[in-house]
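**Q** Pasting in a structure now, in structure tokens, and then I'll have a few things to ask.
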Amino acid sequence: MQNITRALVTTKGRASRLLESRIYDTVRYYARLTVRQLYYILVSKYRYTPCRKFYKTLDYHLTKMRRLDPKLNAKFVDPTRHFISAPMPYRETELWVEKDSIRNFVEELTAKYRLSIQVLRGFASLSMYRVALLRAAERGVKRIALTLEQIKRYRPPSLPVNRRDSRAKDYMKKYGDRCWELEALRPRTLLKTVREKLEEYVSHEYLVEADTRERAAEVARPIIQRLVRGIEEEVLNLMAAGEKEENIVAMLRSKYNLQPENA
């Protein structure tokens, strides 16, 4: 269990300071938590009113605390924003999408170009960003759709801005009171945009190498499976004869000319 030390948080108001103290006192007993789990623990333990207002208050304070305290931040996980790793991923590039519906739509393209996909689901969480930054600390995020240039060019249908959204005020200052969904782009246009960018960013040499490796793995798979079954049977026979496990490992390494992993 990580040792959590309280970071300096300059918070005004007794209720806010008390909530932050209770967050620290609760989190220190857990190795991993989601924000929603913490919410229910605090509601149950301290009798906070279970409502959207308290959840938003908790999230505000917790976000501030996590940005100041890396150890506290590392305690939290986000199982809702999926990262789908490609079998042989091209690690220089990832494709980030807002919704699962878009992920399903571009899945065939990402498989072809060996790209992993990060699903944001609206607001991206601190937990998601922490793990993403561990994968690539210096990689930026480039928007390829939906851009203002595409809106002006393709004229997709718009929607009124949801004024209750916390981002609405800043958005309306920049873009007005209309917004656009990615799905409003014609499917053919969206796929063409993604394909062109993947061709630009993903190394052709890597795709050739990955294709060769995948075909080699496919050819080797039935042979490997037979070898595994044979070795397992050999181990069972040696164990039945009373051989110790470390001796079995040494015998098999010698027989198959295998070096220890740390050699």
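Chain labels run A, B, ... following the order of the structure tokens; each chain numbers its residues from 1, and ligands are numbered from 1 in the order shown.
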Using backbone DSSP assignments, extract all alpha helix (DSSP H) residues from stretch 65-171 of chain A; output them as an NGL selection string.
**A** :A and (65-68 or 70-74 or 100-112 or 126-135 or 148-154 or 168-171)
**Q** Those same residues, written as a compact mmCIF listing (two decimals), in the first residue's frame with N, CA and C atoms?
**A**
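The resulting part-v2.txt:
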# COMPACT_ATOMS: atom_id res chain seq x y z
N MET A 65 -6.65 17.94 -5.61
CA MET A 65 -5.72 17.22 -4.75
C MET A 65 -4.83 16.28 -5.55
N ARG A 66 -5.40 15.61 -6.55
CA ARG A 66 -4.62 14.66 -7.35
C ARG A 66 -3.56 15.37 -8.19
N ARG A 67 -3.85 16.57 -8.64
CA ARG A 67 -2.87 17.31 -9.42
C ARG A 67 -1.68 17.74 -8.56
N LEU A 68 -1.89 17.89 -7.26
CA LEU A 68 -0.81 18.29 -6.35
C LEU A 68 -0.07 17.09 -5.77
N PRO A 70 1.05 13.27 -6.63
CA PRO A 70 1.17 12.13 -7.56
C PRO A 70 0.83 10.79 -6.93
N LYS A 71 1.16 10.59 -5.66
CA LYS A 71 0.86 9.32 -5.00
C LYS A 71 -0.64 9.13 -4.84
N LEU A 72 -1.33 10.20 -4.50
CA LEU A 72 -2.80 10.13 -4.42
C LEU A 72 -3.39 9.87 -5.80
N ASN A 73 -2.86 10.55 -6.80
CA ASN A 73 -3.35 10.38 -8.17
C ASN A 73 -3.20 8.94 -8.65
N ALA A 74 -2.09 8.30 -8.28
CA ALA A 74 -1.81 6.94 -8.74
C ALA A 74 -2.76 5.91 -8.14
N ASP A 100 -17.69 5.01 -28.03
CA ASP A 100 -17.56 3.62 -28.48
C ASP A 100 -18.13 3.43 -29.87
N SER A 101 -19.17 4.21 -30.21
CA SER A 101 -19.78 4.06 -31.53
C SER A 101 -18.77 4.40 -32.64
N ILE A 102 -17.91 5.40 -32.40
CA ILE A 102 -16.88 5.75 -33.37
C ILE A 102 -15.79 4.68 -33.38
N ARG A 103 -15.46 4.16 -32.21
CA ARG A 103 -14.46 3.08 -32.17
C ARG A 103 -14.89 1.90 -33.04
N ASN A 104 -16.16 1.51 -32.91
CA ASN A 104 -16.66 0.40 -33.72
C ASN A 104 -16.60 0.72 -35.21
N PHE A 105 -16.83 1.99 -35.53
CA PHE A 105 -16.87 2.41 -36.92
C PHE A 105 -15.50 2.36 -37.59
N VAL A 106 -14.44 2.69 -36.82
CA VAL A 106 -13.09 2.77 -37.41
C VAL A 106 -12.23 1.55 -37.06
N GLU A 107 -12.82 0.55 -36.42
CA GLU A 107 -12.05 -0.60 -35.93
C GLU A 107 -11.31 -1.33 -37.05
N GLU A 108 -11.95 -1.46 -38.19
CA GLU A 108 -11.30 -2.17 -39.30
C GLU A 108 -10.04 -1.43 -39.76
N LEU A 109 -10.12 -0.10 -39.80
CA LEU A 109 -8.96 0.69 -40.20
C LEU A 109 -7.83 0.57 -39.17
N THR A 110 -8.17 0.65 -37.89
CA THR A 110 -7.14 0.58 -36.87
C THR A 110 -6.48 -0.80 -36.85
N ALA A 111 -7.25 -1.85 -37.16
CA ALA A 111 -6.65 -3.18 -37.24
C ALA A 111 -5.66 -3.25 -38.40
N LYS A 112 -6.03 -2.65 -39.53
CA LYS A 112 -5.15 -2.67 -40.70
C LYS A 112 -3.85 -1.95 -40.42
N LEU A 126 -8.69 12.16 -15.20
CA LEU A 126 -7.29 12.24 -14.79
C LEU A 126 -6.64 10.87 -14.80
N SER A 127 -7.41 9.85 -14.38
CA SER A 127 -6.87 8.49 -14.36
C SER A 127 -6.48 8.04 -15.75
N MET A 128 -7.33 8.34 -16.73
CA MET A 128 -7.04 7.95 -18.11
C MET A 128 -5.80 8.67 -18.62
N TYR A 129 -5.71 9.98 -18.34
CA TYR A 129 -4.56 10.75 -18.81
C TYR A 129 -3.27 10.28 -18.13
N ARG A 130 -3.35 9.91 -16.84
CA ARG A 130 -2.15 9.45 -16.15
C ARG A 130 -1.57 8.22 -16.83
N VAL A 131 -2.44 7.25 -17.15
CA VAL A 131 -1.97 6.03 -17.81
C VAL A 131 -1.50 6.33 -19.22
N ALA A 132 -2.21 7.22 -19.93
CA ALA A 132 -1.82 7.57 -21.29
C ALA A 132 -0.44 8.24 -21.31
N LEU A 133 -0.18 9.09 -20.32
CA LEU A 133 1.11 9.77 -20.26
C LEU A 133 2.24 8.82 -19.90
N LEU A 134 1.92 7.78 -19.14
CA LEU A 134 2.92 6.76 -18.88
C LEU A 134 3.30 6.03 -20.17
N ARG A 135 2.32 5.86 -21.07
CA ARG A 135 2.61 5.20 -22.35
C ARG A 135 3.49 6.10 -23.23
N LEU A 148 -13.04 22.83 -37.47
CA LEU A 148 -13.83 23.94 -38.01
C LEU A 148 -13.74 23.99 -39.53
N GLU A 149 -12.57 23.68 -40.05
CA GLU A 149 -12.39 23.65 -41.50
C GLU A 149 -13.34 22.63 -42.15
N GLN A 150 -13.48 21.47 -41.52
CA GLN A 150 -14.39 20.45 -42.04
C GLN A 150 -15.85 20.88 -41.92
N ILE A 151 -16.17 21.56 -40.83
CA ILE A 151 -17.55 22.06 -40.66
C ILE A 151 -17.90 23.05 -41.77
N LYS A 152 -16.96 23.95 -42.06
CA LYS A 152 -17.21 24.93 -43.13
C LYS A 152 -17.27 24.27 -44.50
N ARG A 153 -16.49 23.21 -44.67
CA ARG A 153 -16.42 22.55 -45.98
C ARG A 153 -17.61 21.63 -46.23
N TYR A 154 -17.95 20.81 -45.22
CA TYR A 154 -18.96 19.78 -45.43
C TYR A 154 -20.35 20.16 -44.92
N ALA A 168 -19.75 24.88 -21.52
CA ALA A 168 -20.56 25.63 -22.48
C ALA A 168 -20.15 27.10 -22.57
N LYS A 169 -19.88 27.73 -21.43
CA LYS A 169 -19.59 29.17 -21.44
C LYS A 169 -18.36 29.49 -22.27
N ASP A 170 -17.27 28.75 -22.03
CA ASP A 170 -16.04 29.01 -22.78
C ASP A 170 -16.23 28.64 -24.26
N TYR A 171 -16.94 27.56 -24.51
CA TYR A 171 -17.17 27.14 -25.90
C TYR A 171 -17.93 28.23 -26.67
**Q** Using only C-alpha atoms for the distances, tell me which of A:Val43, A:Leu159, A:Leu238, A:Ala210 is nearest to A:Ala184.
**A**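 Among the listed residues, A:Leu159 lies closest to A:Ala184.
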**Q** Provide the atom CA of A:Gln118 to atom CA of A:Lys99 distance in Å, to one decimal place.
**A** 9.5 Å
**Q** What's around stretch 199-202 of chain A at 12 Å? Count only C-alpha atoms, leave out sequence neighbours fewer than 4 positions away in its own chain, and write the answer as a PyMOL selection string.
**A** chain A and resi 89-95+109-110+112-116+142+144+192-195+206-208+210
**Q** Generate the output file for the selected residues, C-alpha atoms, as a PDB file, in the first residue's frame.
**A**
ATOM      1  CA  PRO A  89       0.684  -2.069 -32.055  1.00  0.00           C
ATOM      2  CA  TYR A  90       2.530   0.695 -33.866  1.00  0.00           C
ATOM      3  CA  ARG A  91       3.523   2.512 -30.671  1.00  0.00           C
ATOM      4  CA  GLU A  92       4.382   5.876 -32.213  1.00  0.00           C
ATOM      5  CA  THR A  93       0.700   6.624 -32.853  1.00  0.00           C
ATOM      6  CA  GLU A  94      -2.620   6.015 -31.058  1.00  0.00           C
ATOM      7  CA  LEU A  95      -6.128   6.816 -32.257  1.00  0.00           C
ATOM      8  CA  LEU A 109      -8.957   0.694 -40.196  1.00  0.00           C
ATOM      9  CA  THR A 110      -7.137   0.576 -36.870  1.00  0.00           C
ATOM     10  CA  LYS A 112      -5.152  -2.668 -40.702  1.00  0.00           C
ATOM     11  CA  TYR A 113      -2.740  -0.006 -39.440  1.00  0.00           C
ATOM     12  CA  ARG A 114      -1.977  -1.797 -36.135  1.00  0.00           C
ATOM     13  CA  LEU A 115      -3.158   1.116 -34.003  1.00  0.00           C
ATOM     14  CA  SER A 116      -4.357   0.966 -30.410  1.00  0.00           C
ATOM     15  CA  LYS A 142      -3.726  16.072 -32.979  1.00  0.00           C
ATOM     16  CA  ILE A 144      -8.121  15.152 -37.351  1.00  0.00           C
ATOM     17  CA  LYS A 192     -11.453   8.910 -45.806  1.00  0.00           C
ATOM     18  CA  THR A 193     -10.131  11.491 -43.309  1.00  0.00           C
ATOM     19  CA  VAL A 194      -8.932   8.841 -40.862  1.00  0.00           C
ATOM     20  CA  ARG A 195      -7.408   6.656 -43.595  1.00  0.00           C
ATOM     21  CA  TYR A 206       6.414  -1.246 -39.890  1.00  0.00           C
ATOM     22  CA  LEU A 207       3.226  -2.530 -41.524  1.00  0.00           C
ATOM     23  CA  VAL A 208       5.244  -4.801 -43.820  1.00  0.00           C
ATOM     24  CA  ALA A 210       4.107  -6.632 -38.728  1.00  0.00           C
TER      25      ALA A 210
END
**Q** Quote the spacing between atom CA of A:Ser166 and atom CA of A:Val35 in Å to one decimal place.
**A**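 Atom CA of A:Val35 lies at a distance of 18.7 Å from atom CA of A:Ser166.
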**Q** Write down as a list in words the residues belonging to stretch 116-262 of chain A that are assigned strand (DSSP E) by DSSP computed on the backbone.
**A** Ser116, Ile117, Gln118, Val119, Leu159, Pro160, Arg178 and Cys179 of chain A
**Q** Would you mind listing what lies within 10 Å of A:Leu58 as a compact mmCIF listing (two decimals) with N, CA and C atoms, in the first residue's frame, with only C-alpha atoms counted and same-chain residues fewer than 3 positions away left out?
**A**
# COMPACT_ATOMS: atom_id res chain seq x y z
N SER A 16 -15.12 22.49 3.03
CA SER A 16 -14.21 22.02 1.99
C SER A 16 -12.96 21.38 2.59
N LEU A 19 -13.90 17.98 3.95
CA LEU A 19 -14.07 16.98 2.89
C LEU A 19 -12.72 16.49 2.40
N GLU A 20 -11.78 17.39 2.18
CA GLU A 20 -10.45 16.99 1.70
C GLU A 20 -9.72 16.14 2.74
N ILE A 23 -11.22 12.73 2.53
CA ILE A 23 -10.74 12.02 1.33
C ILE A 23 -9.40 11.35 1.63
N VAL A 35 -13.31 6.93 -8.72
CA VAL A 35 -13.92 8.11 -8.10
C VAL A 35 -15.32 7.77 -7.60
N ARG A 36 -16.06 6.97 -8.37
CA ARG A 36 -17.41 6.61 -7.95
C ARG A 36 -17.40 5.75 -6.68
N LEU A 38 -15.16 5.96 -4.29
CA LEU A 38 -14.89 6.90 -3.20
C LEU A 38 -16.15 7.67 -2.84
N TYR A 39 -16.90 8.08 -3.85
CA TYR A 39 -18.16 8.80 -3.62
C TYR A 39 -19.09 7.99 -2.72
N LEU A 42 -17.79 7.69 0.94
CA LEU A 42 -17.98 8.92 1.72
C LEU A 42 -19.44 9.13 2.08
N ARG A 52 -26.10 14.52 -7.34
CA ARG A 52 -25.16 14.96 -8.37
C ARG A 52 -24.30 16.14 -7.86
N LYS A 53 -24.91 17.00 -7.06
CA LYS A 53 -24.19 18.18 -6.54
C LYS A 53 -23.00 17.74 -5.70
N PHE A 54 -23.21 16.75 -4.81
CA PHE A 54 -22.08 16.30 -3.97
C PHE A 54 -21.03 15.59 -4.82
N TYR A 55 -21.47 14.82 -5.81
CA TYR A 55 -20.49 14.14 -6.68
C TYR A 55 -19.60 15.15 -7.39
N HIS A 61 -12.77 18.80 -5.75
CA HIS A 61 -11.71 18.78 -4.74
C HIS A 61 -10.71 17.67 -5.01
N LEU A 62 -11.19 16.50 -5.40
CA LEU A 62 -10.29 15.39 -5.65
C LEU A 62 -9.37 15.68 -6.82
N THR A 63 -9.89 16.30 -7.86
CA THR A 63 -9.07 16.67 -9.01
C THR A 63 -7.95 17.61 -8.60
**Q** Quote the spacing between atom CA of A:Ser254 and atom CA of A:Pro222 in Å to one decimal place.
**A**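 Atom CA of A:Ser254 sits 23.8 Å away from atom CA of A:Pro222.
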**Q** Give the answer as one residue: which of A:Pro160, A:Gln225, A:Arg213, A:Tyr30 has the shortest atom-to-atom distance to A:Pro87, using only C-alpha atoms?
**A**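 Among the listed residues, A:Arg213 lies closest to A:Pro87.
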